[in-house]
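Engineer: Take this structure first; my questions come after.
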Amino acid sequence: MKRCIFFLLLAFPAFAIAQNKCDRTVLETEQRRFNLMVAGDTTALRAMIADDMVYVHSNAMTENKNEHISAISTGRLTYHSMNREKVVVRRYGKTALTNGVVHVKVTLNGKDFELPLAYTAVYRKKKGKWLLVNWQSTKVP
């Protein structure tokens, strides 16, 4: 019994490091997505989004993948900055959820907005890459 506990204690730090590395990969993927949205790089962004993605904006506007990419590529939706804080990752196998606050500066249909958003993002790991499956945000009062 003591031997079993000893080996578990030895293995736990390695598991914790691996778990943190995976969480970092999810967060890095999310940050890269935000950066691509700000840059308007819809070619690279398309590869980070699942084909069945649903994107629910804080004004309840809902887009699928093609609508979201089109809104950015046509300039109907222009992200100027996306600064994330207070983010937490939870993973369930090949699914990861992030919850946090992102401060967004955006132009929608020619109107400028600057607002903090509480958000939930759902990612699915496919062929070694984390893809955005769902986004939902709410204005923080």
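By order in the structure tokens, chains are A, B, ...; within a chain, residues start at 1; ligands start at 1, following the order shown.
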Please return as a VMD selection string: the residues of region 7-115 of chain A that backbone DSSP assigns to helix (DSSP H, G or I).

Structural biologist: chain A and resid 7 to 39 42 to 46 65 to 73

Engineer: Taking C-alpha atoms for each residue, export the selection above as a PDB file, in the first residue's frame.

Structural biologist:
```
ATOM      1  CA  PHE A   7       4.227   5.921  -6.945  1.00  0.00           C
ATOM      2  CA  LEU A   8       1.027   7.958  -7.095  1.00  0.00           C
ATOM      3  CA  LEU A   9       2.805  10.861  -5.414  1.00  0.00           C
ATOM      4  CA  LEU A  10       5.649  10.586  -7.924  1.00  0.00           C
ATOM      5  CA  ALA A  11       3.242  10.520 -10.868  1.00  0.00           C
ATOM      6  CA  PHE A  12       1.008  13.370  -9.667  1.00  0.00           C
ATOM      7  CA  PRO A  13       3.413  16.253 -10.428  1.00  0.00           C
ATOM      8  CA  ALA A  14       3.943  14.953 -13.976  1.00  0.00           C
ATOM      9  CA  PHE A  15       0.167  14.723 -14.461  1.00  0.00           C
ATOM     10  CA  ALA A  16      -0.309  18.232 -13.068  1.00  0.00           C
ATOM     11  CA  ILE A  17       2.350  19.633 -15.409  1.00  0.00           C
ATOM     12  CA  ALA A  18       0.769  17.901 -18.412  1.00  0.00           C
ATOM     13  CA  GLN A  19      -2.633  19.198 -17.388  1.00  0.00           C
ATOM     14  CA  ASN A  20      -1.307  22.763 -17.110  1.00  0.00           C
ATOM     15  CA  LYS A  21       0.432  22.471 -20.493  1.00  0.00           C
ATOM     16  CA  CYS A  22      -2.839  21.414 -22.130  1.00  0.00           C
ATOM     17  CA  ASP A  23      -4.679  24.302 -20.453  1.00  0.00           C
ATOM     18  CA  ARG A  24      -1.984  26.666 -21.748  1.00  0.00           C
ATOM     19  CA  THR A  25      -2.440  25.271 -25.253  1.00  0.00           C
ATOM     20  CA  VAL A  26      -6.180  26.006 -25.095  1.00  0.00           C
ATOM     21  CA  LEU A  27      -5.507  29.546 -23.823  1.00  0.00           C
ATOM     22  CA  GLU A  28      -2.849  30.126 -26.485  1.00  0.00           C
ATOM     23  CA  THR A  29      -5.281  28.921 -29.152  1.00  0.00           C
ATOM     24  CA  GLU A  30      -7.929  31.306 -27.875  1.00  0.00           C
ATOM     25  CA  GLN A  31      -5.488  34.231 -27.787  1.00  0.00           C
ATOM     26  CA  ARG A  32      -4.345  33.448 -31.317  1.00  0.00           C
ATOM     27  CA  ARG A  33      -7.984  33.438 -32.443  1.00  0.00           C
ATOM     28  CA  PHE A  34      -8.536  36.844 -30.823  1.00  0.00           C
ATOM     29  CA  ASN A  35      -5.380  38.162 -32.536  1.00  0.00           C
ATOM     30  CA  LEU A  36      -6.538  36.868 -35.933  1.00  0.00           C
ATOM     31  CA  MET A  37      -9.952  38.473 -35.440  1.00  0.00           C
ATOM     32  CA  VAL A  38      -8.289  41.827 -34.705  1.00  0.00           C
ATOM     33  CA  ALA A  39      -5.957  41.405 -37.694  1.00  0.00           C
ATOM     34  CA  THR A  42     -10.050  35.253 -41.995  1.00  0.00           C
ATOM     35  CA  THR A  43      -7.995  32.663 -43.883  1.00  0.00           C
ATOM     36  CA  ALA A  44      -6.109  31.624 -40.741  1.00  0.00           C
ATOM     37  CA  LEU A  45      -9.202  32.173 -38.591  1.00  0.00           C
ATOM     38  CA  ARG A  46     -11.259  29.765 -40.733  1.00  0.00           C
ATOM     39  CA  LYS A  65     -18.957  29.842 -39.271  1.00  0.00           C
ATOM     40  CA  ASN A  66     -19.478  31.281 -42.752  1.00  0.00           C
ATOM     41  CA  GLU A  67     -21.519  34.232 -41.474  1.00  0.00           C
ATOM     42  CA  HIS A  68     -18.904  35.061 -38.834  1.00  0.00           C
ATOM     43  CA  ILE A  69     -16.012  34.866 -41.319  1.00  0.00           C
ATOM     44  CA  SER A  70     -17.984  36.936 -43.847  1.00  0.00           C
ATOM     45  CA  ALA A  71     -18.829  39.634 -41.278  1.00  0.00           C
ATOM     46  CA  ILE A  72     -15.120  40.068 -40.534  1.00  0.00           C
ATOM     47  CA  SER A  73     -13.869  39.806 -44.133  1.00  0.00           C
TER      48      SER A  73
END
```

Engineer: Could you tell me how far CA of Met82 (chain A) lies from CA of Lys126 (chain A), in Å and to one decimal?

Structural biologist: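 So the answer is 25.3 Å.
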
Engineer: Taking only C-alpha atoms into account, name the residue in A:His103, A:Lys139, A:Lys94, A:Lys86 that is nearest to Lys125 (chain A).

Structural biologist: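 Going through A:His103, A:Lys139, A:Lys94, A:Lys86 one by one, the smallest distance to Lys125 (chain A) is for A:Lys94.
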
Engineer: Within 8 Å of Ser58 (chain A), counting only C-alpha atoms, which residues qualify if same-chain residues fewer than 4 places away don't, as a list in words?

Structural biologist: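 Listed by chain and then number, they are Leu117, Gln136, Ser137, Thr138 and Lys139 of chain A.
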
Engineer: Return as a PyMOL selection string the full set of residues in chain A whose backbone-based DSSP assignment is strand (DSSP E or B).

Structural biologist: chain A and resi 49-56+62-64+77-92+95-108+111-126+129-139

Engineer: Identify, on the basis of only C-alpha atoms, every residue whose closest approach to Met53 (chain A) does not exceed 10 Å; exclude the query and any residue fewer than 4 positions from it along the same chain; express the result as a PyMOL selection string.

Structural biologist: chain A and resi 49+63-66+68+122-123+131-135

Engineer: Could the residues in this selection be saved with C-alpha atoms as a short mmCIF file (atom, residue, chain, number, x, y, z; two decimals), in the first residue's frame?

Structural biologist:
```cif
data_model
loop_
_atom_site.label_atom_id
_atom_site.label_comp_id
_atom_site.auth_asym_id
_atom_site.auth_seq_id
_atom_site.Cartn_x
_atom_site.Cartn_y
_atom_site.Cartn_z
CA ILE A 49 -13.21 27.31 -36.20
CA GLU A 63 -23.76 33.52 -36.63
CA ASN A 64 -22.54 30.27 -38.08
CA LYS A 65 -18.96 29.84 -39.27
CA ASN A 66 -19.48 31.28 -42.75
CA HIS A 68 -18.90 35.06 -38.83
CA VAL A 122 -16.28 25.74 -26.15
CA TYR A 123 -13.41 24.07 -27.96
CA LEU A 131 -11.31 24.29 -32.74
CA LEU A 132 -13.90 26.80 -31.57
CA VAL A 133 -17.31 25.11 -31.48
CA ASN A 134 -19.35 27.68 -29.57
CA TRP A 135 -19.02 31.24 -28.29
#
```

Engineer: Calculated over only C-alpha atoms, which of the candidates A:Val102, A:Gly40, A:Tyr55, A:Ala96 has the smallest distance to Tyr119 (chain A)?

Structural biologist: A:Val102

Engineer: Work out how far CA of Ala47 (chain A) is from CA of Glu114 (chain A), in Å to one decimal.

Structural biologist: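 Straight-line distance from CA of Glu114 (chain A) to CA of Ala47 (chain A) works out to 27.2 Å.
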
Engineer: Please indicate the distance in Å from CA of Phe113 (chain A) to CA of Pro141 (chain A), rounded to one decimal place.

Structural biologist: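 Interatomic distance, CA of Phe113 (chain A) to CA of Pro141 (chain A): 14.0 Å.
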
Engineer: Compare A:Tyr92, A:Thr78, A:Arg84, A:Ala121 by their minimum atom-to-atom distance to Thr107 (chain A), counting only C-alpha atoms, and give me the closest one.

Structural biologist: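 Checking each of A:Tyr92, A:Thr78, A:Arg84, A:Ala121 against Thr107 (chain A), counting only C-alpha atoms, the winner is A:Thr78.
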